[in-house]
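Colleague: I am sharing model21.txt, which consists of compact mmCIF, C-alpha atoms:
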# COMPACT_ATOMS: atom_id res chain seq x y z
CA MET A 1 49.01 16.02 76.71
CA ASP A 2 48.49 17.91 79.99
CA LEU A 3 45.89 15.86 81.85
CA ILE A 4 46.05 15.10 85.57
CA LEU A 5 44.36 11.73 86.01
CA SER A 6 43.19 10.47 89.40
CA SER A 7 40.18 9.01 91.14
CA LYS A 8 38.16 11.31 93.38
CA LYS A 9 35.22 11.29 95.76
CA ALA A 10 32.62 14.06 95.54
CA ASP A 11 34.18 17.07 97.26
CA LYS A 12 31.56 19.80 96.83
CA THR A 13 28.31 19.96 98.79
CA ILE A 14 25.62 21.88 96.94
CA VAL A 15 23.02 21.28 99.63
CA GLU A 16 22.76 19.07 102.70
CA VAL A 17 19.77 18.95 105.03
CA GLU A 18 20.01 16.74 108.11
CA GLY A 19 17.56 13.85 108.00
CA VAL A 20 16.39 14.84 104.50
CA GLY A 21 19.26 14.43 102.03
CA GLY A 22 21.85 16.24 99.97
CA TYR A 23 23.38 16.81 96.56
CA TYR A 24 27.13 16.48 96.02
CA THR A 25 29.41 17.08 93.03
CA TRP A 26 33.00 16.84 91.87
CA SER A 27 34.34 20.37 91.60
CA SER A 28 36.29 21.24 88.49
CA SER A 29 38.92 22.94 90.66
CA GLN A 30 39.75 19.69 92.47
CA PHE A 31 39.15 17.42 89.46
CA PRO A 32 40.30 19.67 86.57
CA VAL A 33 39.99 16.99 83.89
CA LEU A 34 36.20 17.36 84.16
CA SER A 35 36.28 20.98 83.03
CA GLN A 36 38.96 20.26 80.44
CA LYS A 37 36.82 17.55 78.83
CA LYS A 38 33.45 19.15 79.66
CA ILE A 39 31.98 16.20 81.55
CA ALA A 40 30.38 16.15 84.99
CA GLY A 41 29.02 14.03 87.80
CA GLY A 42 26.52 14.59 90.60
CA LEU A 43 25.26 12.45 93.49
CA LEU A 44 21.72 12.83 94.88
CA VAL A 45 20.96 11.33 98.29
CA LEU A 46 17.43 11.40 99.72
CA GLN A 47 16.11 9.94 102.97
CA PRO A 48 12.50 8.62 103.11
CA ARG A 49 10.03 11.39 102.11
CA GLY A 50 12.95 13.50 100.90
CA PHE A 51 12.04 15.61 97.86
CA ALA A 52 14.34 17.38 95.37
CA LEU A 53 12.29 20.33 94.12
CA PRO A 54 11.53 20.84 90.38
CA HIS A 55 14.52 22.06 88.38
CA TYR A 56 16.20 21.88 84.98
CA ALA A 57 19.85 21.80 83.99
CA ASP A 58 22.14 23.08 81.27
CA SER A 59 23.31 19.57 80.30
CA SER A 60 22.02 16.13 79.36
CA LYS A 61 22.94 13.22 81.61
CA ILE A 62 22.13 9.64 82.61
CA GLY A 63 20.96 8.83 86.13
CA TYR A 64 21.62 5.43 87.72
CA VAL A 65 19.98 4.29 90.97
CA CYS A 66 22.75 2.91 93.19
CA GLU A 67 20.41 2.06 96.06
CA GLY A 68 16.82 2.58 97.16
CA GLU A 69 13.79 3.57 95.11
CA CYS A 70 11.97 6.77 94.23
CA ILE A 71 9.33 8.47 92.13
CA ALA A 72 10.62 10.89 89.52
CA GLY A 73 8.78 13.44 87.43
CA LEU A 74 9.98 14.59 84.00
CA ILE A 75 8.49 17.49 82.05
CA SER A 76 9.94 18.09 78.59
CA PRO A 77 9.74 21.65 77.23
CA GLU A 78 8.74 20.17 73.89
CA ASP A 79 5.34 18.85 74.98
CA SER A 80 4.92 20.12 78.60
CA LYS A 81 3.55 16.73 79.67
CA GLU A 82 4.54 15.37 83.06
CA GLU A 83 5.83 11.80 82.93
CA VAL A 84 5.86 10.22 86.39
CA ILE A 85 8.09 7.18 86.81
CA LYS A 86 8.81 4.86 89.72
CA ILE A 87 12.44 3.77 89.65
CA GLN A 88 14.45 1.35 91.77
CA LYS A 89 17.96 0.04 92.31
CA GLY A 90 19.64 -0.72 88.99
CA ASP A 91 17.41 1.55 86.90
CA ALA A 92 19.08 3.96 84.49
CA LEU A 93 17.30 6.83 82.74
CA PRO A 94 18.37 9.71 80.51
CA ILE A 95 17.49 13.31 81.36
CA THR A 96 17.73 15.69 78.43
CA VAL A 97 19.01 19.25 78.64
CA GLY A 98 16.26 21.68 79.73
CA THR A 99 13.88 18.96 80.97
CA VAL A 100 12.28 19.84 84.30
CA SER A 101 12.59 17.02 86.83
CA TRP A 102 11.75 16.31 90.47
CA TRP A 103 12.73 13.36 92.69
CA TYR A 104 10.91 11.90 95.70
CA ASN A 105 12.00 9.05 97.95
CA ALA A 106 8.81 7.03 98.36
CA GLY A 107 10.60 4.10 100.00
CA ASP A 108 11.66 3.21 103.53
CA THR A 109 15.42 3.34 102.96
CA LYS A 110 18.00 5.82 101.69
CA LEU A 111 17.99 6.69 97.98
CA LYS A 112 21.25 7.27 96.11
CA ILE A 113 21.39 8.26 92.42
CA ILE A 114 24.55 9.05 90.45
CA PHE A 115 24.27 11.37 87.44
CA LEU A 116 26.97 11.35 84.75
CA GLY A 117 26.96 13.37 81.53
CA GLU A 118 28.41 16.18 79.49
CA SER A 119 28.63 19.68 80.94
CA SER A 120 27.87 22.95 79.20
CA GLU A 121 30.58 25.39 78.14
CA ASP A 122 28.42 28.38 78.98
CA TYR A 123 28.48 28.52 82.79
CA THR A 124 30.69 26.13 84.79
CA PRO A 125 32.49 23.57 82.60
CA GLY A 126 32.94 20.33 84.53
CA GLU A 127 29.81 20.81 86.65
CA PHE A 128 26.06 20.60 86.05
CA CYS A 129 24.29 23.95 86.50
CA TYR A 130 20.74 23.76 87.86
CA PHE A 131 17.86 26.22 87.66
CA PHE A 132 15.22 25.67 90.35
CA LEU A 133 11.62 26.67 89.78
CA THR A 134 10.86 27.10 93.47
CA SER A 135 12.62 27.55 96.87
CA ALA A 136 14.79 30.39 98.13
CA ALA A 137 17.10 29.72 95.18
CA GLY A 138 14.21 29.53 92.71
CA ILE A 139 13.56 31.68 89.68
CA LEU A 140 10.41 33.20 91.21
CA ASN A 141 12.57 35.18 93.63
CA GLY A 142 14.25 36.95 90.75
CA PHE A 143 11.13 38.65 89.47
CA SER A 144 9.18 41.48 91.09
CA ASN A 145 5.80 40.93 92.74
CA GLU A 146 4.23 43.03 90.01
CA LEU A 147 5.56 40.80 87.25
CA ILE A 148 4.55 37.63 89.16
CA ALA A 149 1.04 39.00 89.62
CA LYS A 150 0.68 39.75 85.90
CA THR A 151 2.21 36.45 84.76
CA PHE A 152 0.03 34.23 86.96
CA HIS A 153 -3.07 36.48 86.93
CA MET A 154 -2.85 37.04 90.67
CA THR A 155 -3.63 39.94 92.92
CA GLN A 156 -0.69 41.84 94.40
CA THR A 157 -1.38 40.24 97.79
CA GLU A 158 -1.41 36.73 96.31
CA SER A 159 1.85 37.25 94.44
CA GLU A 160 3.56 38.67 97.54
CA LYS A 161 2.54 35.62 99.55
CA LEU A 162 3.69 33.24 96.80
CA VAL A 163 7.16 34.80 96.68
CA LYS A 164 7.40 35.07 100.47
CA ASP A 165 6.54 31.37 100.87
CA GLN A 166 9.57 30.46 98.77
CA SER A 167 12.03 32.23 101.06
CA GLY A 168 12.03 29.50 103.70
CA LEU A 169 12.34 26.57 101.29
CA ASN A 170 15.54 24.68 100.64
CA ILE A 171 16.05 22.95 97.28
CA ILE A 172 15.66 19.60 99.10
CA ILE A 173 12.82 19.25 101.59
CA LYS A 174 10.88 16.63 103.52
CA VAL A 175 7.33 16.27 102.22
CA ASN A 176 4.51 16.45 104.76
CA GLU A 177 2.63 13.17 105.20
CA GLY A 178 -0.62 14.73 104.03
CA ILE A 179 0.72 15.48 100.54
CA GLN A 180 0.13 12.70 98.02
CA ILE A 181 2.90 12.42 95.43
CA PRO A 182 1.65 10.98 92.08
CA ASN A 183 2.21 7.29 91.34
CA GLY A 184 4.49 6.17 88.55
CA SER A 185 3.24 5.16 85.10
CA SER A 186 4.27 1.78 83.70
CA SER A 187 4.13 3.09 80.12
CA ALA A 188 6.46 5.99 80.98
CA LYS A 189 8.86 3.58 82.64
CA ARG A 190 9.05 1.42 79.52
CA LYS A 191 9.83 4.53 77.49
CA PHE A 192 12.49 6.13 79.69
CA VAL A 193 13.96 3.47 82.01
CA TYR A 194 16.22 0.45 81.56
CA ASN A 195 17.28 -1.73 84.48
CA LEU A 196 20.97 -2.51 84.11
CA ASP A 197 21.08 -4.75 87.18
CA GLY A 198 18.43 -7.10 85.81
CA ALA A 199 19.35 -6.88 82.12
CA LYS A 200 20.77 -9.83 80.21
CA PRO A 201 24.54 -9.29 80.27
CA CYS A 202 26.44 -8.62 77.06
CA VAL A 203 29.34 -10.49 78.63
CA GLU A 204 29.13 -13.05 81.44
CA VAL A 205 32.06 -15.09 82.72
CA LYS A 206 31.85 -17.76 85.40
CA ASN A 207 33.76 -16.71 88.53
CA GLY A 208 34.66 -13.51 86.69
CA GLY A 209 31.65 -11.24 86.47
CA HIS A 210 29.42 -9.61 83.89
CA LEU A 211 28.89 -6.46 81.83
CA SER A 212 25.49 -4.97 80.90
CA SER A 213 25.07 -2.05 78.52
CA LEU A 214 22.57 0.72 77.82
CA SER A 215 22.42 2.29 74.38
CA ILE A 216 20.08 3.63 71.73
CA LYS A 217 18.88 0.04 71.22
CA ASN A 218 17.34 0.08 74.70
CA ILE A 219 16.20 3.71 74.95
CA PRO A 220 15.92 5.62 71.63
CA LEU A 221 16.12 8.94 73.51
CA LEU A 222 19.84 8.29 74.01
CA GLY A 223 20.31 8.93 70.30
CA GLU A 224 19.17 12.51 70.83
CA ILE A 225 21.51 13.25 73.73
CA GLY A 226 24.47 11.24 72.41
CA LEU A 227 25.19 9.23 75.55
CA SER A 228 25.36 5.54 76.49
CA ALA A 229 26.23 3.62 79.64
CA ASN A 230 27.21 0.28 81.09
CA ARG A 231 27.46 -1.51 84.42
CA VAL A 232 30.27 -3.89 85.31
CA VAL A 233 30.36 -6.39 88.17
CA LEU A 234 33.69 -8.11 88.86
CA GLU A 235 34.12 -10.90 91.37
CA CYS A 236 37.13 -11.32 93.66
CA GLY A 237 40.37 -10.98 91.69
CA ALA A 238 38.66 -10.73 88.28
CA VAL A 239 39.89 -8.32 85.59
CA LEU A 240 38.10 -6.24 82.96
CA GLY A 241 40.16 -5.37 79.90
CA PRO A 242 42.36 -4.06 78.53
CA ILE A 243 39.76 -2.17 76.48
CA TYR A 244 39.70 1.26 74.82
CA THR A 245 37.20 3.59 73.18
CA PRO A 246 37.81 3.22 69.41
CA ASP A 247 36.44 6.68 68.65
CA SER A 248 36.82 10.22 69.94
CA PHE A 249 34.47 9.81 72.89
CA ILE A 250 35.03 9.83 76.64
CA HIS A 251 34.53 7.27 79.40
CA LEU A 252 33.57 8.36 82.96
CA SER A 253 32.97 5.80 85.73
CA TYR A 254 31.59 5.80 89.29
CA ILE A 255 32.33 3.00 91.77
CA THR A 256 28.99 1.89 93.23
CA LYS A 257 30.28 -0.95 95.43
CA GLY A 258 33.50 -2.62 96.52
CA SER A 259 37.05 -1.70 95.61
CA GLY A 260 39.82 -2.52 93.19
CA ARG A 261 42.58 -1.16 91.00
CA VAL A 262 42.48 0.92 87.81
CA VAL A 263 45.41 1.03 85.40
CA ILE A 264 45.37 3.34 82.35
CA VAL A 265 48.09 3.29 79.69
CA GLY A 266 48.66 6.28 77.43
CA LEU A 267 50.92 7.29 74.57
CA PHE A 268 54.06 5.21 73.94
CA GLY A 269 53.03 2.62 76.54
CA LYS A 270 53.35 5.04 79.46
CA VAL A 271 51.25 4.31 82.56
CA VAL A 272 49.24 7.47 83.25
CA LEU A 273 47.21 6.12 86.16
CA ASP A 274 47.67 3.16 88.51
CA THR A 275 45.51 3.63 91.55
CA LYS A 276 43.20 2.01 94.06
CA VAL A 277 39.51 2.87 93.74
CA GLU A 278 36.62 2.27 96.12
CA GLU A 279 32.91 2.98 96.54
CA GLY A 280 32.15 6.64 95.86
CA ASP A 281 35.15 7.25 93.60
CA LEU A 282 34.88 8.76 90.13
CA PHE A 283 37.52 8.06 87.48
CA TYR A 284 38.02 9.24 83.91
CA VAL A 285 39.56 7.40 80.95
CA PRO A 286 40.86 9.54 78.04
CA LYS A 287 39.78 8.62 74.52
CA PHE A 288 41.81 5.83 72.90
CA PHE A 289 43.68 5.03 76.14
CA PRO A 290 43.43 1.31 77.06
CA PHE A 291 42.55 0.55 80.66
CA VAL A 292 42.13 -2.35 83.08
CA VAL A 293 40.01 -2.69 86.21
CA GLU A 294 40.98 -5.40 88.70
CA ALA A 295 38.69 -6.34 91.59
CA ASP A 296 39.87 -6.63 95.20
CA GLU A 297 38.92 -9.52 97.46
CA GLY A 298 35.38 -8.23 97.98
CA GLY A 299 34.75 -7.58 94.27
CA ILE A 300 33.88 -4.32 92.59
CA GLU A 301 30.88 -2.81 90.78
CA PHE A 302 30.86 0.38 88.71
CA PHE A 303 28.58 2.41 86.45
CA SER A 304 30.07 4.12 83.40
CA MET A 305 28.90 6.81 80.98
CA LYS A 306 30.28 7.26 77.47
CA THR A 307 29.81 10.43 75.40
CA SER A 308 28.43 8.46 72.45
CA SER A 309 25.09 6.75 71.88
CA LYS A 310 26.97 3.64 70.66
CA GLU A 311 28.33 1.15 73.20
CA VAL A 312 31.44 0.00 71.31
CA TYR A 313 34.88 -0.77 72.73
CA GLY A 314 38.14 -2.00 71.26
CA GLU A 315 39.05 -5.22 73.07
CA LEU A 316 42.71 -5.95 73.72
CA SER A 317 42.05 -8.98 75.91
CA GLY A 318 40.60 -12.36 75.00
CA GLY A 319 37.43 -13.37 73.20
CA LYS A 320 35.91 -13.41 69.73
CA LYS A 321 35.96 -9.61 69.47
CA SER A 322 39.59 -9.30 70.51
CA VAL A 323 42.02 -7.51 68.22
CA TRP A 324 44.50 -10.32 68.91
CA GLU A 325 42.00 -12.94 67.78
CA ALA A 326 41.28 -11.05 64.54
CA ALA A 327 44.93 -10.59 63.59
CA SER A 328 46.57 -13.11 61.25
CA PRO A 329 49.02 -15.59 62.88
CA SER A 330 51.91 -14.32 60.76
CA ILE A 331 51.19 -10.74 61.79
CA LEU A 332 51.24 -11.73 65.48
CA GLU A 333 54.39 -13.77 64.98
CA ALA A 334 56.20 -10.80 63.47
CA SER A 335 54.70 -8.14 65.76
CA LEU A 336 55.20 -10.01 69.05
CA ASN A 337 58.53 -11.57 68.03
CA MET A 338 57.28 -15.07 68.85
CA THR A 339 57.92 -18.50 67.37
CA PRO A 340 55.14 -20.12 65.27
CA ASP A 341 54.36 -22.60 68.07
CA LEU A 342 54.10 -19.88 70.71
CA THR A 343 51.96 -17.77 68.37
CA LYS A 344 49.58 -20.70 67.87
CA SER A 345 49.36 -21.26 71.62
CA PHE A 346 48.75 -17.54 72.19
CA LYS A 347 45.94 -17.47 69.60
CA SER A 348 44.23 -20.51 71.13
CA LYS A 349 44.29 -18.99 74.62
CA ILE A 350 42.92 -15.68 73.32
CA ALA A 351 40.07 -17.50 71.57
CA LYS A 352 39.01 -19.15 74.84
CA GLY A 353 39.01 -15.88 76.78
CA ALA A 354 36.68 -12.89 77.16
CA VAL A 355 36.88 -9.20 77.96
CA ILE A 356 36.40 -10.25 81.61
CA ALA A 357 38.97 -12.70 83.01
CA PRO A 358 38.43 -14.68 86.24
CA PRO A 359 41.28 -14.98 88.77
CA SER A 360 44.16 -17.14 87.51
CA ASN A 361 43.69 -19.62 90.37
CA VAL A 362 40.06 -20.42 89.38
Rewrite the coordinates I just gave you, this time as structure tokens.
Modeller:
Amino acid sequence: MDLILSSKKADKTIVEVEGVGGYYTWSSSQFPVLSQKKIAGGLLVLQPRGFALPHYADSSKIGYVCEGECIAGLISPEDSKEEVIKIQKGDALPITVGTVSWWYNAGDTKLKIIFLGESSEDYTPGEFCYFFLTSAAGILNGFSNELIAKTFHMTQTESEKLVKDQSGLNIIIKVNEGIQIPNGSSSAKRKFVYNLDGAKPCVEVKNGGHLSSLSIKNIPLLGEIGLSANRVVLECGAVLGPIYTPDSFIHLSYITKGSGRVVIVGLFGKVVLDTKVEEGDLFYVPKFFPFVVEADEGGIEFFSMKTSSKEVYGELSGGKKSVWEAASPSILEASLNMTPDLTKSFKSKIAKGAVIAPPSNV
């Protein structure tokens, strides 16, 4: 297995406009496992009144709001209806392949959204490829004035002005105060958005932390794109895992706050990654490989995407869903080479635990 595992910060700037915002990615050349496994990540940062112009991509993904708030527009090619949604910190929403979207920071503070998903094989594996409708990089610049005039029923003069006006536009701009961006729809938000920060946790451990998940149960659209997600918050010294993906799907995580340690174990019990991670880092867990995340003194929070619409993990720690808890005492006794008394003690401790463990001194 020739995979180079590591944690990385975004190293490629697609666009950056001072005082307006930027879009940053993890290049497949610096993080080759992304192209090998055809997954990708992107980070959108917008200052107040910053606007990411309408575009579509070659891949489906899930966006998670790390900080701030914004208004987003989604236009599906299936019905050509614009859905306008107001989203805030903690909100997660799926964006399907080919859907046109735009993003506007309507708040007073910086907006930061992380996008994680699968990448296409057709263009740049390991990176999302975007097609902008407008701006100097927009599709209108690729067609002649004559074709634009015919397509939009314009005069030659009107089409020339339309194309010329695009030449000075970046793909991220600051909207003039006189332009009124549409307000979000509550019905659209219920359909497309799920707040992971405010959701009832699937797992919650006192002095340890909690885990909240997003799957087809919360947003049916995830069934179409085959993705799911979760958010984990670990307090000082707490540990998540060991857990593994019990299927052939992939786990990609972004550290949204704090710092800690990630340990991944591969074939034949070999440690394939043991590294410190901090805010802004992206790390990848191969399918079937068990991993552990341990929080530093200040705790750690991270958002994860899985290339399956089902949020299922194999638990190798404590709790009712643990593999150890399910196994028969005699099987554990033989497999772990323990005495009956020690096996009984081990089983009782496992039963009291959970997939998240608080620090041992708590």
Colleague: Give the answer as one residue: which of A:Pro246, A:Gly19, A:Pro54, A:Gly41 has the shortest atom-to-atom distance to A:Ser119, using only C-alpha atoms?
Modeller: A:Gly41
Colleague: Between A:Val265, A:Ile250, A:Leu214, A:Ile62, which is the closest to A:Pro286 once you count only C-alpha atoms?
Modeller: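 Comparing A:Val265, A:Ile250, A:Leu214, A:Ile62 against A:Pro286, the winner is A:Ile250.
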Colleague: Quick check, in Å to one decimal: how far apart do atom CA of A:Gly138 and atom CA of A:Ser101 lie?
Modeller: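 Here the two named atoms are 13.9 Å from each other.
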Colleague: Got a sec: who's within 8 Å of A:Leu222, counting all atoms listed in the file, leaving out chain neighbours fewer than 6 positions off, as an MDAnalysis selection string?
Modeller: chainID A and resid 94 215:216 228 309
Colleague: With only C-alpha atoms as the basis for distance, which of A:Gly208, A:Pro32, A:Gly168, A:Gly280 is at the shortest distance from A:Lys112?
Modeller: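 Answer, going by the shortest atom-to-atom distance: A:Gly280.
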Colleague: Which polymer residues have any atom within 12 Å of an atom of A:Lys349, counting all atoms listed in the file, with same-chain residues fewer than 2 positions away left out, as a VMD selection string?
Modeller: chain A and resid 317 to 320 322 324 to 325 342 to 347 351 to 354 357
Colleague: Which residue out of A:Ser59, A:Gln36, A:Gln47, A:Asn218 has the minimum interatomic distance to A:Val17 when all atoms listed in the file are used?
Modeller: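 The shortest atom-to-atom distance to A:Val17 comes from A:Gln47.
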Colleague: Could I get the residues of stretch 94-129 of chain A with an atom no further than 12 Å from an atom of stretch 181-192 of chain A, each paired with its nearest atom pair and that distance in Å to one decimal, using all atoms listed in the file, sorted by chain and residue number, as a tab-separated table?
Modeller:
residue	atom	partner	partner_atom	distance
A:Pro94	CA	A:Phe192	CA	6.9
A:Ile95	CA	A:Phe192	CA	8.9
A:Thr96	CA	A:Phe192	CA	11.0
A:Trp102	CA	A:Ile181	CA	10.9
A:Trp103	CA	A:Ile181	CA	10.2
A:Tyr104	CA	A:Ile181	CA	8.0
A:Asn105	CA	A:Ile181	CA	10.0
A:Ala106	CA	A:Ile181	CA	8.5
Colleague: Any idea what's packed within 8 Å of A:Ile172, counting all atoms listed in the file, ignoring anything in its chain fewer than 5 positions away? Could you give it as an MDAnalysis selection string?
Modeller: chainID A and resid 15:17 20:22 50:53
Colleague: Atom CA of A:Ser28 to atom CA of A:Phe131: how many Å, to one decimal?
Modeller: 19.1 Å
Colleague: Any idea what the distance is between atom CA of A:Pro359 and atom CA of A:Asn207?
Modeller: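 Result for atom CA of A:Pro359 versus atom CA of A:Asn207: 7.7 Å, one decimal.
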Colleague: In terms of the shortest atom-to-atom distance over only C-alpha atoms, which of A:Phe268, A:Pro220, A:Asp281, A:Glu127 is closest to A:Ser35?
Modeller: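 The closest residue to A:Ser35 is A:Glu127.
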Colleague: Would you please work out which residue, of A:Lys321, A:Ser248, A:Phe302, A:Ser7, is nearest to A:Val355 when using all atoms listed in the file?
Modeller: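 Result for the nearest residue to A:Val355: A:Lys321.
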